[in-house]
Every structure is written in C-alpha cells, then in structure tokens.
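*Asks:* Contents of final_28.cif (mmCIF, C-alpha atoms):
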data_work
loop_
_atom_site.label_atom_id
_atom_site.label_comp_id
_atom_site.auth_asym_id
_atom_site.auth_seq_id
_atom_site.Cartn_x
_atom_site.Cartn_y
_atom_site.Cartn_z
CA MET A 1 -122.53 -136.83 -51.92
CA SER A 2 -120.67 -139.99 -52.75
CA TRP A 3 -122.40 -142.36 -55.12
CA ALA A 4 -120.75 -145.80 -54.98
CA THR A 5 -118.21 -145.40 -52.17
CA HIS A 6 -120.86 -146.01 -49.51
CA GLU A 7 -121.40 -149.52 -50.86
CA LEU A 8 -117.74 -150.29 -51.54
CA GLU A 9 -116.10 -149.21 -48.31
CA ASN A 10 -118.20 -151.70 -46.28
CA TYR A 11 -116.03 -154.58 -47.56
CA PHE A 12 -112.82 -152.78 -46.60
CA ILE A 13 -114.19 -152.04 -43.13
CA GLN A 14 -115.40 -155.64 -42.81
CA LYS A 15 -111.89 -156.93 -43.45
CA HIS A 16 -110.58 -154.98 -40.45
CA VAL A 17 -113.44 -155.49 -38.03
CA GLY A 18 -114.17 -159.18 -38.73
CA LEU A 19 -116.46 -161.08 -36.38
CA ARG A 20 -117.19 -158.10 -34.12
CA MET A 21 -119.51 -156.48 -36.67
CA SER A 22 -122.51 -157.62 -38.66
CA PHE A 23 -121.91 -156.91 -42.34
CA LEU A 24 -125.64 -156.47 -42.97
CA ALA A 25 -125.84 -153.92 -40.16
CA CYS A 26 -122.84 -152.06 -41.57
CA ALA A 27 -124.50 -151.98 -45.01
CA LEU A 28 -127.73 -150.73 -43.46
CA GLY A 29 -125.78 -148.15 -41.44
CA ALA A 30 -124.16 -146.92 -44.65
CA PHE A 31 -127.66 -146.36 -46.11
CA LEU A 32 -128.99 -144.81 -42.90
CA PRO A 33 -128.12 -141.11 -43.47
CA ASP A 34 -129.83 -141.10 -46.90
CA LEU A 35 -132.57 -143.63 -46.17
CA PHE A 36 -135.43 -141.21 -45.54
CA THR A 37 -134.06 -138.08 -47.18
CA LYS A 38 -132.63 -138.94 -50.61
CA GLY A 39 -136.02 -139.06 -52.32
CA PHE A 40 -136.81 -135.51 -51.15
CA VAL A 41 -133.38 -134.23 -52.23
CA TYR A 42 -134.17 -134.67 -55.93
CA GLY A 43 -137.89 -134.26 -55.39
CA PHE A 44 -140.73 -136.34 -56.83
CA THR A 45 -144.21 -135.66 -58.11
CA ILE A 46 -147.51 -137.14 -57.00
CA GLY A 47 -150.21 -136.07 -59.43
CA SER A 48 -149.76 -132.34 -59.87
CA TYR A 49 -147.84 -131.91 -56.61
CA LYS A 50 -144.05 -131.70 -56.56
CA ILE A 51 -142.56 -132.76 -53.26
CA GLY A 52 -139.03 -131.75 -52.20
CA GLY A 53 -136.20 -130.60 -54.40
CA SER A 54 -136.63 -126.82 -53.87
CA ASP A 55 -133.40 -126.36 -51.88
CA PRO A 56 -131.82 -129.81 -51.97
CA ILE A 57 -128.45 -128.97 -50.46
CA GLN A 58 -129.87 -127.11 -47.45
CA PHE A 59 -132.42 -129.89 -46.92
CA HIS A 60 -129.94 -132.75 -47.30
CA ARG A 61 -127.04 -131.37 -45.26
CA GLY A 62 -128.10 -128.20 -43.48
CA TRP A 63 -129.91 -127.08 -40.39
CA PRO A 64 -132.81 -126.29 -40.48
CA GLY A 65 -133.21 -129.35 -42.67
CA ALA A 66 -132.45 -133.06 -42.48
CA GLY A 67 -128.71 -132.49 -42.21
CA PHE A 68 -128.73 -133.99 -38.70
CA THR A 69 -128.99 -137.43 -40.34
CA HIS A 70 -125.41 -136.84 -41.50
CA SER A 71 -124.04 -136.36 -37.98
CA ILE A 72 -122.14 -138.72 -35.69
CA LEU A 73 -124.76 -138.33 -32.97
CA TRP A 74 -127.56 -139.62 -35.22
CA GLY A 75 -125.60 -142.85 -35.76
CA VAL A 76 -124.96 -143.18 -32.02
CA LEU A 77 -128.65 -142.60 -31.31
CA VAL A 78 -129.89 -145.24 -33.77
CA SER A 79 -127.29 -147.83 -32.80
CA THR A 80 -127.97 -147.26 -29.08
CA LEU A 81 -131.67 -147.77 -29.76
CA VAL A 82 -130.89 -151.03 -31.58
CA LEU A 83 -128.64 -152.13 -28.70
CA ALA A 84 -131.41 -151.34 -26.19
CA ILE A 85 -134.12 -153.18 -28.13
CA PHE A 86 -132.29 -156.16 -29.69
CA ARG A 87 -129.24 -156.36 -27.38
CA SER A 88 -127.07 -157.32 -30.31
CA ARG A 89 -123.64 -155.75 -29.95
CA ASN A 90 -122.47 -156.57 -33.46
CA TRP A 91 -125.61 -155.04 -35.00
CA ALA A 92 -125.18 -151.87 -32.93
CA LEU A 93 -121.49 -151.70 -33.85
CA GLY A 94 -122.18 -152.43 -37.53
CA LEU A 95 -124.83 -149.72 -37.78
CA LEU A 96 -122.59 -147.19 -36.06
CA ILE A 97 -119.51 -147.97 -38.17
CA GLY A 98 -121.49 -147.96 -41.45
CA HIS A 99 -123.16 -144.68 -40.52
CA VAL A 100 -119.93 -142.94 -39.47
CA ALA A 101 -118.17 -144.16 -42.63
CA HIS A 102 -120.96 -142.60 -44.69
CA VAL A 103 -120.94 -139.21 -42.99
CA VAL A 104 -117.14 -139.01 -43.00
CA THR A 105 -117.04 -139.89 -46.71
CA ASP A 106 -119.62 -137.20 -47.47
CA ILE A 107 -117.37 -134.44 -46.12
CA ASN A 108 -115.59 -134.64 -49.46
CA ASP A 109 -118.27 -132.75 -51.38
CA THR A 110 -118.64 -128.98 -51.16
CA ALA A 111 -121.78 -129.16 -48.99
CA GLY A 112 -120.01 -131.20 -46.30
CA THR A 113 -121.70 -132.69 -43.24
CA MET A 114 -122.56 -131.40 -39.77
CA LEU A 115 -120.42 -134.04 -38.08
CA PHE A 116 -120.72 -132.51 -34.61
CA PHE A 117 -124.41 -131.58 -34.67
CA PRO A 118 -126.07 -130.29 -32.45
CA PHE A 119 -122.96 -128.84 -30.78
CA SER A 120 -121.86 -127.25 -34.04
CA THR A 121 -124.03 -126.66 -37.11
CA ASP A 122 -120.98 -125.77 -39.22
CA THR A 123 -120.51 -128.22 -42.07
CA ILE A 124 -117.11 -129.88 -42.37
CA THR A 125 -115.88 -130.22 -45.95
CA THR A 126 -112.72 -130.91 -47.91
CA GLY A 127 -114.45 -129.49 -51.01
CA MET A 128 -113.08 -132.23 -53.28
CA TRP A 129 -116.08 -132.19 -55.63
CA ARG A 130 -119.22 -130.07 -55.96
CA HIS A 131 -122.53 -131.18 -54.53
CA ALA A 132 -124.70 -131.08 -57.64
CA ALA A 133 -128.12 -132.24 -56.38
CA VAL A 134 -129.64 -128.99 -57.70
CA LEU A 135 -129.25 -130.48 -61.20
CA GLY A 136 -131.61 -133.37 -60.41
CA ARG A 137 -130.63 -137.04 -60.26
CA TYR A 138 -129.31 -137.38 -63.81
CA GLY A 139 -127.54 -134.02 -63.75
CA ASP A 140 -126.00 -134.87 -60.39
CA ALA A 141 -124.79 -138.23 -61.71
CA ALA A 142 -123.28 -136.67 -64.83
CA ALA A 143 -121.54 -133.96 -62.77
CA TYR A 144 -120.31 -136.43 -60.15
CA TYR A 145 -118.86 -138.86 -62.68
CA SER A 146 -117.11 -135.98 -64.47
CA SER A 147 -115.49 -134.78 -61.24
CA PRO A 148 -113.03 -136.04 -58.61
CA GLY A 149 -116.06 -137.86 -57.14
CA GLY A 150 -115.90 -140.42 -59.97
CA VAL A 151 -112.18 -140.87 -59.36
CA TRP A 152 -112.89 -141.32 -55.63
CA ASP A 153 -115.41 -144.10 -56.37
CA MET A 154 -112.97 -145.82 -58.73
CA PHE A 155 -110.24 -145.55 -56.08
CA TRP A 156 -112.46 -147.38 -53.58
CA LEU A 157 -113.34 -150.08 -56.11
CA VAL A 158 -109.63 -150.73 -56.68
CA VAL A 159 -108.90 -150.64 -52.92
CA VAL A 160 -111.56 -153.29 -52.25
CA LEU A 161 -110.55 -155.51 -55.18
CA VAL A 162 -106.84 -155.32 -54.28
CA PHE A 163 -106.70 -155.01 -50.48
CA ALA A 164 -109.97 -156.58 -49.35
CA ARG A 165 -110.46 -159.25 -52.02
CA GLN A 166 -110.39 -162.04 -49.44
CA THR A 167 -113.65 -160.69 -48.01
CA LEU A 168 -115.30 -161.67 -51.30
CA THR A 169 -114.40 -165.36 -51.10
CA LYS A 170 -116.82 -168.13 -50.11
CA GLU A 171 -114.40 -169.16 -47.40
CA TYR A 172 -114.57 -165.69 -45.80
CA PHE A 173 -118.34 -165.66 -46.11
CA ARG A 174 -118.50 -169.06 -44.40
CA THR A 175 -116.00 -168.31 -41.61
CA VAL A 176 -116.65 -164.62 -40.82
CA ILE A 177 -119.78 -163.14 -42.39
CA VAL A 178 -122.25 -165.88 -41.39
CA PRO A 179 -120.80 -166.57 -37.91
CA ALA A 180 -120.90 -162.80 -37.19
CA ASP A 181 -124.61 -162.73 -37.97
CA PRO A 182 -125.90 -166.32 -37.82
CA ARG A 183 -129.56 -165.59 -37.09
CA VAL A 184 -130.20 -163.29 -40.04
CA TRP A 185 -128.32 -165.39 -42.60
CA ALA A 186 -130.07 -168.52 -41.31
CA TRP A 187 -133.43 -166.76 -41.63
CA ILE A 188 -132.70 -165.72 -45.24
CA HIS A 189 -131.56 -169.27 -45.99
CA ARG A 190 -134.76 -170.79 -44.56
CA LYS A 191 -137.24 -168.19 -45.76
CA PHE A 192 -136.07 -167.95 -49.37
CA HIS A 193 -134.61 -171.48 -49.74
CA LEU A 194 -131.25 -170.03 -50.74
CA PRO A 195 -128.21 -172.29 -50.63
CA GLU A 196 -124.73 -170.92 -49.99
CA ARG A 197 -124.23 -169.90 -53.61
CA GLY A 198 -127.31 -167.65 -53.47
CA LEU A 199 -126.36 -166.20 -50.09
CA VAL A 200 -122.86 -165.38 -51.33
CA ALA A 201 -124.36 -163.66 -54.40
CA LEU A 202 -126.52 -161.63 -52.03
CA TYR A 203 -123.48 -160.75 -49.89
CA ARG A 204 -121.45 -159.69 -52.94
CA GLY A 205 -124.45 -157.71 -54.23
CA LEU A 206 -123.40 -154.38 -52.74
CA LEU A 207 -119.96 -154.51 -54.32
CA PHE A 208 -121.56 -155.52 -57.61
CA TYR A 209 -124.03 -152.64 -57.42
CA GLY A 210 -121.41 -150.05 -56.43
CA GLY A 211 -118.89 -151.19 -59.02
CA CYS A 212 -121.33 -151.46 -61.92
CA ARG A 213 -122.95 -148.14 -61.07
CA ILE A 214 -119.60 -146.38 -61.53
CA PHE A 215 -119.38 -147.62 -65.12
CA ALA A 216 -123.05 -147.16 -66.06
CA TRP A 217 -123.14 -143.55 -64.85
CA THR A 218 -119.70 -142.75 -66.27
CA PHE A 219 -120.88 -143.99 -69.69
CA TYR A 220 -124.01 -141.86 -69.28
CA ALA A 221 -121.91 -138.78 -68.42
CA ARG A 222 -119.55 -139.33 -71.35
CA PHE A 223 -121.84 -140.53 -74.13
CA GLN A 224 -125.34 -139.23 -73.34
CA ALA A 225 -125.02 -136.12 -71.15
CA HIS A 226 -121.69 -135.12 -72.76
CA THR A 227 -120.62 -133.29 -69.60
CA ARG A 228 -117.16 -131.79 -69.47
CA TRP A 229 -114.53 -133.92 -67.70
CA ASP A 230 -113.17 -131.80 -64.83
CA VAL A 231 -111.23 -133.70 -62.18
CA SER A 232 -109.59 -130.63 -60.69
CA TRP A 233 -110.09 -130.17 -56.93
CA GLY A 234 -113.57 -128.75 -56.34
CA GLY A 235 -114.81 -129.56 -59.85
CA PRO A 236 -116.78 -129.58 -62.02
CA ASP A 237 -116.70 -125.82 -62.36
CA TYR A 238 -119.90 -125.62 -64.44
CA VAL A 239 -121.94 -126.47 -61.31
CA GLU A 240 -122.65 -123.54 -59.00
CA ARG A 241 -120.79 -123.95 -55.73
CA VAL A 242 -123.02 -123.70 -52.65
CA ASP A 243 -121.42 -123.33 -49.22
CA LEU A 244 -123.63 -124.08 -46.23
CA THR A 245 -121.06 -122.52 -43.91
CA PRO A 246 -120.09 -119.25 -45.57
CA GLY A 247 -117.48 -116.97 -44.05
CA PRO A 248 -113.81 -117.40 -43.25
CA TRP A 249 -112.57 -120.97 -42.73
CA THR A 250 -111.24 -120.02 -39.29
CA ASP A 251 -114.83 -119.55 -38.03
CA ALA A 252 -115.76 -123.04 -39.22
CA PHE A 253 -112.52 -124.41 -37.74
CA TRP A 254 -113.21 -123.02 -34.27
CA GLY A 255 -116.86 -124.05 -34.52
CA ALA A 256 -115.82 -127.59 -35.40
CA LEU A 257 -113.18 -127.70 -32.67
CA ILE A 258 -115.61 -126.63 -29.95
CA GLY A 259 -118.36 -128.84 -31.43
CA SER A 260 -116.11 -131.92 -31.49
CA ALA A 261 -114.97 -131.33 -27.89
CA CYS A 262 -118.58 -130.92 -26.68
CA LEU A 263 -119.68 -134.03 -28.62
CA ALA A 264 -116.81 -136.06 -27.15
CA VAL A 265 -117.73 -135.01 -23.61
CA PHE A 266 -121.42 -135.70 -24.28
CA LEU A 267 -120.67 -139.19 -25.63
CA VAL A 268 -118.44 -140.05 -22.66
CA VAL A 269 -121.19 -138.94 -20.26
CA CYS A 270 -123.82 -140.99 -22.19
CA TRP A 271 -121.49 -144.01 -22.14
CA LYS A 272 -121.03 -143.76 -18.39
CA LEU A 273 -124.72 -143.11 -17.70
CA PHE A 274 -126.44 -145.78 -19.79
CA ILE A 275 -124.75 -146.96 -23.02
CA GLN A 276 -122.14 -148.98 -21.10
CA ARG A 277 -124.92 -150.71 -19.16
CA LEU A 278 -126.74 -151.54 -22.40
CA TRP A 279 -123.47 -152.80 -23.90
CA ASN A 280 -122.74 -155.04 -20.90
CA ARG A 281 -126.17 -156.68 -20.99
CA GLY A 282 -125.89 -157.16 -24.78
CA TYR A 283 -124.59 -160.33 -26.43
CA ASP A 284 -121.98 -161.26 -29.01
CA PRO A 285 -122.49 -163.89 -31.71
CA PRO A 286 -121.52 -167.39 -30.44
CA ALA A 287 -118.47 -167.55 -32.72
CA LEU A 288 -117.00 -164.37 -31.20
CA THR A 289 -117.77 -165.57 -27.66
CA ALA A 290 -116.03 -168.87 -28.41
CA LYS A 291 -113.06 -167.02 -29.91
CA LYS A 292 -112.76 -164.77 -26.85
CA GLN A 293 -112.98 -167.78 -24.53
CA GLY A 294 -110.32 -169.55 -26.61
CA ILE A 295 -107.99 -166.56 -26.26
CA GLU A 296 -108.61 -166.40 -22.50
CA THR A 297 -107.94 -170.14 -22.14
CA THR A 298 -104.72 -169.83 -24.15
CA ALA A 299 -103.63 -166.88 -22.03
CA ALA A 300 -104.40 -168.79 -18.81
CA ASN A 301 -102.35 -171.78 -20.00
CA MET B 1 -110.64 -180.03 -71.66
CA SER B 2 -114.23 -180.48 -72.85
CA PRO B 3 -116.52 -177.42 -73.07
CA ARG B 4 -118.86 -179.03 -70.54
CA ARG B 5 -116.07 -179.43 -68.00
CA LEU B 6 -114.77 -175.96 -68.73
CA TRP B 7 -118.26 -174.58 -68.05
CA ARG B 8 -118.60 -176.63 -64.86
CA ASP B 9 -115.27 -175.33 -63.50
CA HIS B 10 -115.84 -171.69 -64.36
CA GLU B 11 -119.64 -171.41 -64.38
CA GLU B 12 -119.89 -169.02 -61.45
CA GLY B 13 -117.14 -166.68 -62.66
CA VAL B 14 -118.67 -166.54 -66.14
CA LEU B 15 -122.12 -165.82 -64.69
CA TYR B 16 -120.74 -162.95 -62.59
CA ALA B 17 -119.03 -161.53 -65.69
CA VAL B 18 -122.31 -161.84 -67.63
CA ALA B 19 -124.14 -160.15 -64.75
CA VAL B 20 -121.69 -157.22 -64.79
CA VAL B 21 -121.99 -156.66 -68.55
CA VAL B 22 -125.79 -157.06 -68.62
CA TYR B 23 -126.31 -154.83 -65.58
CA ILE B 24 -124.13 -152.02 -66.93
CA ALA B 25 -125.88 -152.22 -70.33
CA LEU B 26 -129.35 -152.27 -68.76
CA GLY B 27 -128.35 -149.51 -66.35
CA TYR B 28 -127.17 -147.34 -69.22
CA VAL B 29 -130.52 -147.71 -70.98
CA PHE B 30 -133.03 -147.99 -68.11
CA LYS B 31 -131.37 -145.87 -65.46
CA THR B 32 -134.23 -145.27 -63.04
CA ILE B 33 -135.52 -148.85 -63.10
CA VAL B 34 -132.16 -150.61 -62.89
CA LEU B 35 -129.71 -148.32 -61.06
CA ASN B 36 -131.32 -148.34 -57.64
CA TRP B 37 -130.74 -149.80 -54.18
CA ILE B 38 -133.17 -152.69 -54.68
CA VAL B 39 -132.47 -154.02 -58.16
CA GLY B 40 -128.70 -153.42 -57.98
CA PRO B 41 -127.75 -155.55 -54.97
CA LEU B 42 -130.24 -158.30 -55.96
CA PHE B 43 -129.10 -158.54 -59.58
CA PRO B 44 -126.19 -160.99 -59.01
CA LEU B 45 -128.55 -163.24 -57.06
CA LEU B 46 -130.86 -163.28 -60.08
CA VAL B 47 -128.17 -163.95 -62.71
CA VAL B 48 -125.80 -166.17 -60.73
CA TYR B 49 -128.30 -168.30 -58.81
CA LEU B 50 -132.00 -167.88 -59.67
CA VAL B 51 -131.88 -167.94 -63.49
CA PRO B 52 -129.48 -170.93 -63.73
CA THR B 53 -131.61 -172.80 -61.17
CA TRP B 54 -134.81 -172.15 -63.15
CA LEU B 55 -133.08 -173.15 -66.40
CA ARG B 56 -131.82 -176.40 -64.85
CA ARG B 57 -135.33 -177.22 -63.62
CA LEU B 58 -136.83 -176.47 -67.02
CA ARG B 59 -134.22 -178.65 -68.74
CA ALA B 60 -134.87 -181.47 -66.30
CA ARG B 61 -138.61 -181.19 -66.97
CA TRP B 62 -138.12 -181.30 -70.74
CA ALA B 63 -135.75 -184.25 -70.44
CA ARG B 64 -138.43 -186.31 -68.65
#
Could you write out this structure as structure tokens?
*Replies:*
Amino acid sequence: MSWATHELENYFIQKHVGLRMSFLACALGAFLPDLFTKGFVYGFTIGSYKIGGSDPIQFHRGWPGAGFTHSILWGVLVSTLVLAIFRSRNWALGLLIGHVAHVVTDINDTAGTMLFFPFSTDTITTGMWRHAAVLGRYGDAAAYYSSPGGVWDMFWLVVVLVFARQTLTKEYFRTVIVPADPRVWAWIHRKFHLPERGLVALYRGLLFYGGCRIFAWTFYARFQAHTRWDVSWGGPDYVERVDLTPGPWTDAFWGALIGSACLAVFLVVCWKLFIQRLWNRGYDPPALTAKKQGIETTAAN
Amino acid sequence: MSPRRLWRDHEEGVLYAVAVVVYIALGYVFKTIVLNWIVGPLFPLLVVYLVPTWLRRLRARWAR
C-alpha cells in the first residue's frame, strides 16, 4: 500500500480538474478504499479478543476478502449512489477520481489490486515494493520507508510542491476550491467560525499530513527500527513476498484483459441505462455553470 | 525592518514551518496518537490558526 501518496496526489489532480471536482470529495474518495478495512488489516484487540490481522494481505486486497474496495467498480458504485442521493456532479466526480487514483496507485505494491473486479479477480501489480502489512503497522511503516515506496512518496511530494504549488495558494483556494464546493466550505465557515486563514489551513492539511508523515516514518525506520535500506525494485527483500495471483504472468495478463473489456462494456451499459440520467438531472456548482454559460456566450458572439 | 514588522509579514510562513517541525518531532515520539488521519490534517489548523488566535485573546485580556 502507499502511505502518503494518497494524500499528496489529490493536489496534483485538483490542478488539472479545477472547478469540475470537489477537493473534499476527492480527498474522501482517496480514503474510501481503506476507510472500513485498514483497521482490520493490522488487527486490533478488544479485551482479550484480537480482531483482524490473521491474513492481512488476502483480507485487504484479495477475494474472498475486502479486496473489492480496491476496484474501479466500487468507486463507480459509491459515486453513483452519491449522485443519485445528493445530485452533486462535482462530489460524484471527486469521489470517483480520488478512489480511482488510490486503487491505481496501490498496484505498485506486490499485492496489487483487483482493478477489474468482479470480472477478473486477478490482482494487477507492478511489484515496485513489497506489501508488508504482515509485520504490523510499525513494521509495515519501517519496511515501506526503507523501500521504493518511500521514494515514491517523496517523488509525489516534490511533484506537488514543484508542479502543483499554485493549488496551495490562498488565491487558488478562493477562486477554485471554494467555488467548486461552496456549500460545504460555507458550512465549515459558519459552524466552526473559521475565517479564510483557518479554512486554508484545513485545505492544506492533507499535504501537511502526507509530507510530514514521510519524514516522521523515515526517521523511525532509520533511527529506531534500524531497518535495512533497500530501494531495489520489489524491495525490501527481508519481507516475505506474497503474491495473490500466483502462476505465470500471462494468465494474469489475459485475465486482466478480459476483465477490463467486460468492465468497460458493463460501465457503458450502466451509463446508458441509468447513470447518464442521474448525471443529467444533477447540478454543477454555480461558478462552473456561470463559466460554461460565459464560454457559450463567447462562442455565440 | 523591525522584528514586529518582520513577524507580521511572515507570521503565517513561520507558523507553518513550526507546525512541520513540531508535528514531525511529535510523530516520531508519539506515533499512534499523532500520525493518524484525524490529528494529521487538523494539525496545521491548530498551529497556524487556533493557537495564535487563543494567544491573541489571552494577551488582549491581560492588557485590559
């Protein structure tokens, strides 16, 4: 699993999607695959009972298990539900984009994700770093920040700070983030008496959390856990590699190919049958509507 | 440039820098309590806005 990238990539996505997507929805979408499962992955104890953690990789990414939460279809399902209930297009889009970004990022560990579930239960993986949840939270953190995973997180921090730094400015917050989601930001402003400075701090919070977490856990890995630094592809080699889709890669390739084709057809059919109708009766934030009308007026002139 | 003016011009940047250093240090020591999805994203709000606001109010109260 990725540790900080899920928080960081939201700002990069935001820069490219702009007013069409709610940033808060994108952030929530990025949490969505792990929201109800992460606690069980490492396991926790209530009294003398230990819950979860017996086969974390199978539970987190496999089937049978909760691996379906790391599929494209799960994101489509949740965002369609949000579109049907709240009619907000930019919340549905934000949730979907955040969710898909998460599951695509997670293909980089050795467990991979069932992107095309239920049409294929083969996990897709690049195998860049080893999924180390079997070591518990601290062991996983130490292994991750001693592997290419830590480099991957740092890469995303640099990408955001260099290529998406304008998304961190007050001006951007004022002109894009709030107009894309005026109701929620206005509610936070009213409910908690937060002026713009507080709201901006809240908006920058995810980047802050992701960025700081990289350093805190890296220091832990280097100075407390003393894990070996192994940034070779598929490292660290001291963690046992678990493959959820054993067998030749050609089997997984054909499984994924057929699964992706079936999923694509299924999504097109769903779009034609009901998602398009839900989308058409949904609404955009006023700023986006005004922008679209402005473009249409300019084109007409 | 006077220290007061320097502080006024760069207050927010300095507070973010302080937040980063304090959060990483606290996270290193109190991992489970600090390095989580609730405390992490709310920490800059605490250091950059809430604490300075409380301090300003306290100072104003003492000055009266």
*Asks:* Mind telling me what the PyMOL selection byres ((chain A) within 6 of (chain B)) catches here, as a PyMOL selection string?
*Replies:* chain A and resi 198+201-202+205-206+209+212+216
*Asks:* If you measure from CA of Val176 in chain A to CA of Lys292 in chain A, what distance in Å do you get, rounded to one decimal?
*Replies:*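 Taking CA of Val176 in chain A as the start and CA of Lys292 in chain A as the end point, the length is 14.5 Å.
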*Asks:* Please indicate the distance in Å from CA of Ala225 in chain A to CA of Asp140 in chain A, rounded to one decimal place.
*Replies:*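 Separation between CA of Ala225 in chain A and CA of Asp140 in chain A: 10.9 Å.
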*Asks:* Can you find the residues with an atom no farther than 10 Å from (-108.6, -128.3, -58.7), counting only C-alpha atoms, and report them as an NGL selection string?
*Replies:* :A and (127-129 or 147-148 or 230-237)
*Asks:* Would you compute the distance between CA of Ser54 in chain A and CA of Thr37 in chain A? Give it in Å to one decimal.
*Replies:*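 Value for the CA of Ser54 in chain A-CA of Thr37 in chain A distance: 13.3 Å.
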*Asks:* Env of Val162 in chain A: 12 Å cut, atoms = all atoms listed in the file, seq-sep filter 6 positions within chain, self excluded. Answer as a PDB file with C-alpha atoms, in the frame of the given file.
*Replies:*
ATOM      1  CA  TYR A  11    -116.030-154.580 -47.560  1.00  0.00           C
ATOM      2  CA  PHE A  12    -112.820-152.780 -46.600  1.00  0.00           C
ATOM      3  CA  PHE A 155    -110.240-145.550 -56.080  1.00  0.00           C
ATOM      4  CA  TRP A 156    -112.460-147.380 -53.580  1.00  0.00           C
ATOM      5  CA  LEU A 168    -115.300-161.670 -51.300  1.00  0.00           C
TER       6      LEU A 168
END
*Asks:* Please enumerate the residues selected by the PyMOL selection byres ((chain A and resi 89-94) around 9) when evaluated against the supplied file, formatted as number ranges by chain.
*Replies:* A: 19-29, 76, 78-83, 86-88, 95-99, 180-181, 279, 282-285
*Asks:* Write the residues you've just listed into a file as a PDB file, keeping the file's coordinate frame, and include C-alpha atoms for each of them.
*Replies:*
ATOM      1  CA  LEU A  19    -116.460-161.080 -36.380  1.00  0.00           C
ATOM      2  CA  ARG A  20    -117.190-158.100 -34.120  1.00  0.00           C
ATOM      3  CA  MET A  21    -119.510-156.480 -36.670  1.00  0.00           C
ATOM      4  CA  SER A  22    -122.510-157.620 -38.660  1.00  0.00           C
ATOM      5  CA  PHE A  23    -121.910-156.910 -42.340  1.00  0.00           C
ATOM      6  CA  LEU A  24    -125.640-156.470 -42.970  1.00  0.00           C
ATOM      7  CA  ALA A  25    -125.840-153.920 -40.160  1.00  0.00           C
ATOM      8  CA  CYS A  26    -122.840-152.060 -41.570  1.00  0.00           C
ATOM      9  CA  ALA A  27    -124.500-151.980 -45.010  1.00  0.00           C
ATOM     10  CA  LEU A  28    -127.730-150.730 -43.460  1.00  0.00           C
ATOM     11  CA  GLY A  29    -125.780-148.150 -41.440  1.00  0.00           C
ATOM     12  CA  VAL A  76    -124.960-143.180 -32.020  1.00  0.00           C
ATOM     13  CA  VAL A  78    -129.890-145.240 -33.770  1.00  0.00           C
ATOM     14  CA  SER A  79    -127.290-147.830 -32.800  1.00  0.00           C
ATOM     15  CA  THR A  80    -127.970-147.260 -29.080  1.00  0.00           C
ATOM     16  CA  LEU A  81    -131.670-147.770 -29.760  1.00  0.00           C
ATOM     17  CA  VAL A  82    -130.890-151.030 -31.580  1.00  0.00           C
ATOM     18  CA  LEU A  83    -128.640-152.130 -28.700  1.00  0.00           C
ATOM     19  CA  PHE A  86    -132.290-156.160 -29.690  1.00  0.00           C
ATOM     20  CA  ARG A  87    -129.240-156.360 -27.380  1.00  0.00           C
ATOM     21  CA  SER A  88    -127.070-157.320 -30.310  1.00  0.00           C
ATOM     22  CA  LEU A  95    -124.830-149.720 -37.780  1.00  0.00           C
ATOM     23  CA  LEU A  96    -122.590-147.190 -36.060  1.00  0.00           C
ATOM     24  CA  ILE A  97    -119.510-147.970 -38.170  1.00  0.00           C
ATOM     25  CA  GLY A  98    -121.490-147.960 -41.450  1.00  0.00           C
ATOM     26  CA  HIS A  99    -123.160-144.680 -40.520  1.00  0.00           C
ATOM     27  CA  ALA A 180    -120.900-162.800 -37.190  1.00  0.00           C
ATOM     28  CA  ASP A 181    -124.610-162.730 -37.970  1.00  0.00           C
ATOM     29  CA  TRP A 279    -123.470-152.800 -23.900  1.00  0.00           C
ATOM     30  CA  GLY A 282    -125.890-157.160 -24.780  1.00  0.00           C
ATOM     31  CA  TYR A 283    -124.590-160.330 -26.430  1.00  0.00           C
ATOM     32  CA  ASP A 284    -121.980-161.260 -29.010  1.00  0.00           C
ATOM     33  CA  PRO A 285    -122.490-163.890 -31.710  1.00  0.00           C
TER      34      PRO A 285
END
*Asks:* Can you spell out as a ChimeraX atom specification the set of residues that the PyMOL selection byres ((chain A and resi 224) around 12) selects in the structure I just provided?
*Replies:* /A:138-139,141-142,216-223,225-228 /B:28-29,31
*Asks:* Determine the nearest neighbour of Asp109 in chain A from the options A:Lys15, A:Arg204, A:Arg61, A:Arg137, counting all atoms listed in the file.
*Replies:* A:Arg61
*Asks:* Give me, as a ChimeraX atom specification, all polymer residues having an atom no more than 10 Å from Thr105 in chain A, counting only C-alpha atoms and skipping those fewer than 5 positions away in the same chain.
*Replies:* /A:1-2,5-6,9,99-100,112-113,125,152
*Asks:* Taking all atoms listed in the file into account, name the residue in A:Pro179, A:Val41, A:Trp254, A:Gln166 that is nearest to Gly65 in chain A.
*Replies:*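 Of the candidates, the smallest distance to Gly65 in chain A is held by A:Val41.
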*Asks:* Starting from 4 Å padding per side, set up an axis-aligned box that covers all listed atoms of range 86-95 of chain A and hand over centre and edge lengths in Å, one decimal, as AutoDock Vina command-line options.
*Replies:*
--center_x -126.9 --center_y -153.5 --center_z -32.6 --size_x 18.8 --size_y 15.6 --size_z 18.4
